[in-house]
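Trainee: Sharing a structure with you now.
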Amino acid sequence: LEQVDPRCDRSFSEMLTVGITGGIGSGKSTVVSFLQQLMEPGTMDVLLMDDVAKSLMNTDERIRQDLIAAFGTDVYDDGGRGSLNRERMASIVFGSSENVAKINSIVHPRVFEYTSRKAKELAEAGFKILLIETALLFSTKSHERNDVNVLVSAPQELRVERAMTRSAVPLSRDQVLARMSHQTDWDQVAYLAHYVLDNSTSDEAELKRSVAHLKDFLLDRWQQKQLAATAAS
């Protein structure tokens with residue numbers, strides 16, 4: 001499958017592309033929400049890559065055909081013509097890093113194509129920042145395509161507590177720890193982030209102040225990128 005590299009797209013050179021990630025219970029979704037509130041309208045848009053991937057697996061015919069070729073028609077309902085069969089997909093990926101890699105090789109190039117198109121639309125509309133929220137920022141090396149990468153961090157015990165109490169579906173401690181065991185070792189990849197936001201607080205006002213600093217950092221990086229582009233032209 002051909003992979004479109006957003007760095008080749010002019011729209012990506014005009015915008016600041018920012019990847020943001022963090023483990024379960026880190027509070028990255030809350031950080032993203034606060035950042036959206038603080039930015040002026042028309043300045044930043046957000047892509048939730050998990051939602052993008054799920055949508056494309058149902059709507060992109062190339063993904064559908066490649067998944068069926070790799071795993072059989074039962075990965076979709078109605079003999080391959082219906083919606084993605086999430087239970088079947090879960091059984092395919094469970095305990096198989098090879099199958100996970102195969103699915104990623106099918107889905108991620110299409111996700112990057114979508115991201116490139118979206119960035120072009122946003123750049124034409126005058127947006128400055130595209131914020132890409134993804135749990136797979138470092139494991140898929142998609143951080144290499146971004147101008148800035150942000151890691152939302154918190155101590156593991158606090159993350160466990162949050163995940164147990166805030167999840168839409170109640171989770172036990174063992175369930176949370178099991179999920180964590182399949183995620184990135186965040187301490188090992190923190191050096192890849194340009195900005196680490198410590199979310200070890202339970203004080204919402206304090207977190208908002210931290211997010212305000214992040215906002216200023218991102219806008220400053222955007223300004224630096226524009227100056228560099230002007231100097232190079």
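Ordered as shown in the structure tokens, chains take letters A, B, and onward, while each chain numbers its residues from 1 and ligands are numbered from 1 in the order shown.
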Give me, as JSON lines, the closest atom pair and its distance (Å, one decimal) for every residue of region 123-143 of chain A within a cut-off of 10 Å of region 50-55 of chain A, counting only C-alpha atoms, rows sorted by chain and rising number.

Mentor:
{"residue": "A:Glu133", "atom": "CA", "partner": "A:Asp50", "partner_atom": "CA", "distance": 8.2}
{"residue": "A:Thr134", "atom": "CA", "partner": "A:Asp50", "partner_atom": "CA", "distance": 6.6}
{"residue": "A:Ala135", "atom": "CA", "partner": "A:Asp50", "partner_atom": "CA", "distance": 8.0}
{"residue": "A:Leu136", "atom": "CA", "partner": "A:Asp50", "partner_atom": "CA", "distance": 9.2}

Trainee: Among region 33-231 of chain A, which ones does DSSP assign to alpha helix (DSSP H) (computed from the backbone)? Answer as number ranges by chain.

Mentor: A: 33-38, 49-59, 61-71, 77-80, 86-93, 97-124, 156-166, 173-181, 186-189, 204-231

Trainee: Go ahead and compute the interatomic distance for CA of Val211 (chain A) and CA of Val31 (chain A), in Å to one decimal.

Mentor: 6.6 Å

Trainee: Once you count only C-alpha atoms, what closest atom pair and distance in Å to one decimal does each residue of region 103-180 of chain A within 9 Å of region 57-67 of chain A have, with rows by chain and rising residue number, as CSV?

Mentor:
residue,atom,partner,partner_atom,distance
A:Ile103,CA,A:Leu67,CA,7.3
A:Ile106,CA,A:Ile63,CA,6.3
A:Val107,CA,A:Ile63,CA,6.3
A:Arg110,CA,A:Ile63,CA,7.8

Trainee: Can those selected residues be exported to a file as an mmCIF file, in the first residue's frame so that it contains N, CA and C atoms?

Mentor:
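Heads up, here's the output in again_12.cif:
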data_model
loop_
_atom_site.group_PDB
_atom_site.id
_atom_site.type_symbol
_atom_site.label_atom_id
_atom_site.label_comp_id
_atom_site.auth_asym_id
_atom_site.auth_seq_id
_atom_site.Cartn_x
_atom_site.Cartn_y
_atom_site.Cartn_z
ATOM 1 N N ILE A 103 -3.026 -5.213 10.385
ATOM 2 C CA ILE A 103 -4.150 -4.270 10.356
ATOM 3 C C ILE A 103 -3.627 -2.836 10.259
ATOM 4 N N ILE A 106 -2.629 -1.828 6.839
ATOM 5 C CA ILE A 106 -3.776 -1.590 5.953
ATOM 6 C C ILE A 106 -4.450 -0.256 6.263
ATOM 7 N N VAL A 107 -4.640 0.028 7.542
ATOM 8 C CA VAL A 107 -5.448 1.182 7.942
ATOM 9 C C VAL A 107 -4.646 2.479 7.978
ATOM 10 N N ARG A 110 -4.218 4.912 4.939
ATOM 11 C CA ARG A 110 -5.460 5.618 4.610
ATOM 12 C C ARG A 110 -5.750 6.722 5.627
#

Trainee: Per residue of region 173-221 of chain A within 9 Å of region 158-168 of chain A, note the shortest atom pair and the distance in Å to one decimal, counting only C-alpha atoms, and order the rows by chain and increasing residue number, as a tab-separated table.

Mentor:
residue	atom	partner	partner_atom	distance
A:Arg173	CA	A:Met164	CA	6.6
A:Gln175	CA	A:Met164	CA	8.8
A:Val176	CA	A:Val160	CA	6.3
A:Leu177	CA	A:Val160	CA	7.2
A:Met180	CA	A:Val160	CA	8.8
A:Ser200	CA	A:Leu158	CA	7.3

Trainee: Could you dump the residues just selected with N, CA and C atoms as a PDB file, in the first residue's frame?

Mentor:
ATOM      1  N   ARG A 173      -9.329  -2.877  38.924  1.00  0.00           N
ATOM      2  CA  ARG A 173      -7.903  -2.538  38.924  1.00  0.00           C
ATOM      3  C   ARG A 173      -7.123  -3.470  37.992  1.00  0.00           C
ATOM      4  N   GLN A 175      -8.207  -5.037  35.376  1.00  0.00           N
ATOM      5  CA  GLN A 175      -8.527  -4.719  33.991  1.00  0.00           C
ATOM      6  C   GLN A 175      -7.739  -3.503  33.509  1.00  0.00           C
ATOM      7  N   VAL A 176      -7.644  -2.498  34.376  1.00  0.00           N
ATOM      8  CA  VAL A 176      -6.888  -1.294  34.013  1.00  0.00           C
ATOM      9  C   VAL A 176      -5.416  -1.639  33.816  1.00  0.00           C
ATOM     10  N   LEU A 177      -4.863  -2.402  34.745  1.00  0.00           N
ATOM     11  CA  LEU A 177      -3.445  -2.771  34.647  1.00  0.00           C
ATOM     12  C   LEU A 177      -3.190  -3.624  33.401  1.00  0.00           C
ATOM     13  N   MET A 180      -3.006  -1.272  30.527  1.00  0.00           N
ATOM     14  CA  MET A 180      -1.741  -0.535  30.578  1.00  0.00           C
ATOM     15  C   MET A 180      -0.578  -1.376  30.064  1.00  0.00           C
ATOM     16  N   SER A 200      -0.605  15.516  37.123  1.00  0.00           N
ATOM     17  CA  SER A 200      -0.717  14.788  38.385  1.00  0.00           C
ATOM     18  C   SER A 200      -1.597  15.528  39.390  1.00  0.00           C
TER      19      SER A 200
END

Trainee: If I take CA of Gly72 (chain A) and CA of Leu56 (chain A), how far is one from the other in Å, to one decimal?

Mentor: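 That distance, rounded to one decimal, is 18.0 Å.
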
Trainee: As a list of chain:residue names, which residues of region 21-207 of chain A does DSSP assign to strand (DSSP E)?

Mentor: A:Thr21, A:Met44, A:Asp45, A:Val46, A:Leu47, A:Leu48, A:Ile129, A:Leu130, A:Leu131, A:Ile132, A:Glu133, A:Val148, A:Asn149, A:Val150, A:Leu151, A:Val152, A:Ser153, A:Tyr195, A:Val196, A:Leu197, A:Asp198

Trainee: Could you tell me how far CA of Lys120 (chain A) lies from CA of Ser29 (chain A), in Å and to one decimal?

Mentor: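 Computed distance, CA of Lys120 (chain A) to CA of Ser29 (chain A), equals 24.4 Å.
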
Trainee: Hey, could you make a per-residue contact list for region 25-126 of chain A against region 215-224 of chain A with 9 Å as the cut-off, showing the nearest pair of atoms and its distance in Å to one decimal, counting only C-alpha atoms, sorted by chain and number, as a tab-separated table?

Mentor:
residue	atom	partner	partner_atom	distance
A:Leu35	CA	A:Lys215	CA	6.6
A:Leu38	CA	A:Lys215	CA	7.5
A:Met39	CA	A:Lys215	CA	7.2

Trainee: I need the residues from that last selection saved to file as an mmCIF file, in the first residue's frame (with N, CA, C and O atoms), if you can.

Mentor:
data_model
loop_
_atom_site.group_PDB
_atom_site.id
_atom_site.type_symbol
_atom_site.label_atom_id
_atom_site.label_comp_id
_atom_site.auth_asym_id
_atom_site.auth_seq_id
_atom_site.Cartn_x
_atom_site.Cartn_y
_atom_site.Cartn_z
ATOM 1 N N LEU A 35 -7.691 22.809 25.895
ATOM 2 C CA LEU A 35 -6.931 23.524 24.871
ATOM 3 C C LEU A 35 -7.871 24.087 23.806
ATOM 4 O O LEU A 35 -7.692 25.232 23.348
ATOM 5 N N LEU A 38 -9.445 27.218 25.137
ATOM 6 C CA LEU A 38 -8.554 28.362 25.277
ATOM 7 C C LEU A 38 -8.159 29.000 23.946
ATOM 8 O O LEU A 38 -7.852 30.187 23.887
ATOM 9 N N MET A 39 -8.143 28.206 22.890
ATOM 10 C CA MET A 39 -7.764 28.722 21.575
ATOM 11 C C MET A 39 -8.878 29.591 21.000
ATOM 12 O O MET A 39 -10.059 29.306 21.172
#

Trainee: Which residues are close to Gly42 (chain A), i.e. within 12 Å by only C-alpha atoms, leaving aside same-chain residues fewer than 2 positions away? Reply as a list in words.

Mentor: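 Once the adjacent positions are removed, what remains is Gln36, Gln37, Leu38, Met39, Glu40, Met44, Asp45, Val46, Leu122, Ala123, Glu124, Ala125, Gly126, Phe127, Lys128, Ile129 and Leu130 of chain A.
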
Trainee: Please produce, as a tab-separated table, a per-residue contact table for region 99-128 of chain A versus region 77-93 of chain A (criterion: any atom at most 12 Å away, only C-alpha atoms considered), showing the nearest atom pair and its distance in Å to one decimal, sorted by chain then residue number.

Mentor:
residue	atom	partner	partner_atom	distance
A:Asn99	CA	A:Val93	CA	5.6
A:Val100	CA	A:Val93	CA	5.4
A:Ala101	CA	A:Val93	CA	9.1
A:Lys102	CA	A:Val93	CA	9.6
A:Ile103	CA	A:Val93	CA	8.5
A:Asn104	CA	A:Val93	CA	10.7

Trainee: Name all residues at most 7 Å from Gly22 (chain A) (count only C-alpha atoms; drop same-chain ones fewer than 2 positions away) and give them as JSON, numbers by chain.

Mentor: {"A": [24, 26, 28, 135, 151, 152, 153]}

Trainee: Only all heavy atoms, please: the residues just picked out, written as a PDB file, in the first residue's frame.

Mentor:
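result-v8.pdb, written as the output of this step:
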ATOM      1  N   ILE A  24      -3.775   5.498  29.301  1.00  0.00           N
ATOM      2  CA  ILE A  24      -5.088   5.452  29.932  1.00  0.00           C
ATOM      3  C   ILE A  24      -5.018   6.117  31.302  1.00  0.00           C
ATOM      4  O   ILE A  24      -4.109   5.887  32.084  1.00  0.00           O
ATOM      5  CB  ILE A  24      -5.576   3.991  30.060  1.00  0.00           C
ATOM      6  CG1 ILE A  24      -6.970   3.927  30.684  1.00  0.00           C
ATOM      7  CG2 ILE A  24      -4.587   3.129  30.821  1.00  0.00           C
ATOM      8  CD1 ILE A  24      -7.567   2.525  30.694  1.00  0.00           C
ATOM      9  N   SER A  26      -4.375   9.234  31.862  1.00  0.00           N
ATOM     10  CA  SER A  26      -3.463  10.393  31.918  1.00  0.00           C
ATOM     11  C   SER A  26      -4.225  11.702  31.862  1.00  0.00           C
ATOM     12  O   SER A  26      -3.731  12.738  32.320  1.00  0.00           O
ATOM     13  CB  SER A  26      -2.458  10.335  30.763  1.00  0.00           C
ATOM     14  OG  SER A  26      -3.114  10.456  29.514  1.00  0.00           O
ATOM     15  N   LYS A  28      -5.467  12.970  28.846  1.00  0.00           N
ATOM     16  CA  LYS A  28      -5.158  13.688  27.612  1.00  0.00           C
ATOM     17  C   LYS A  28      -6.419  14.248  26.950  1.00  0.00           C
ATOM     18  O   LYS A  28      -6.379  15.326  26.357  1.00  0.00           O
ATOM     19  CB  LYS A  28      -4.376  12.811  26.637  1.00  0.00           C
ATOM     20  CG  LYS A  28      -5.125  11.695  25.966  1.00  0.00           C
ATOM     21  CD  LYS A  28      -4.244  10.970  24.957  1.00  0.00           C
ATOM     22  CE  LYS A  28      -4.988   9.839  24.270  1.00  0.00           C
ATOM     23  NZ  LYS A  28      -5.425   8.787  25.211  1.00  0.00           N
ATOM     24  N   ALA A 135      -3.247   7.452  20.574  1.00  0.00           N
ATOM     25  CA  ALA A 135      -2.534   6.630  21.556  1.00  0.00           C
ATOM     26  C   ALA A 135      -1.298   5.991  20.934  1.00  0.00           C
ATOM     27  O   ALA A 135      -0.401   5.541  21.644  1.00  0.00           O
ATOM     28  CB  ALA A 135      -3.459   5.541  22.096  1.00  0.00           C
ATOM     29  N   LEU A 151       3.275  14.962  25.237  1.00  0.00           N
ATOM     30  CA  LEU A 151       2.936  13.805  26.064  1.00  0.00           C
ATOM     31  C   LEU A 151       2.270  14.297  27.341  1.00  0.00           C
ATOM     32  O   LEU A 151       2.826  15.131  28.059  1.00  0.00           O
ATOM     33  CB  LEU A 151       4.195  13.013  26.415  1.00  0.00           C
ATOM     34  CG  LEU A 151       4.033  11.865  27.430  1.00  0.00           C
ATOM     35  CD1 LEU A 151       3.074  10.806  26.899  1.00  0.00           C
ATOM     36  CD2 LEU A 151       5.390  11.249  27.771  1.00  0.00           C
ATOM     37  N   VAL A 152       1.062  13.801  27.614  1.00  0.00           N
ATOM     38  CA  VAL A 152       0.375  14.100  28.870  1.00  0.00           C
ATOM     39  C   VAL A 152       0.728  12.982  29.839  1.00  0.00           C
ATOM     40  O   VAL A 152       0.485  11.803  29.570  1.00  0.00           O
ATOM     41  CB  VAL A 152      -1.149  14.183  28.667  1.00  0.00           C
ATOM     42  CG1 VAL A 152      -1.836  14.506  30.001  1.00  0.00           C
ATOM     43  CG2 VAL A 152      -1.489  15.239  27.624  1.00  0.00           C
ATOM     44  N   SER A 153       1.307  13.367  30.971  1.00  0.00           N
ATOM     45  CA  SER A 153       1.875  12.382  31.892  1.00  0.00           C
ATOM     46  C   SER A 153       1.241  12.486  33.274  1.00  0.00           C
ATOM     47  O   SER A 153       0.813  13.564  33.703  1.00  0.00           O
ATOM     48  CB  SER A 153       3.393  12.628  31.990  1.00  0.00           C
ATOM     49  OG  SER A 153       3.986  11.767  32.930  1.00  0.00           O
TER      50      SER A 153
END
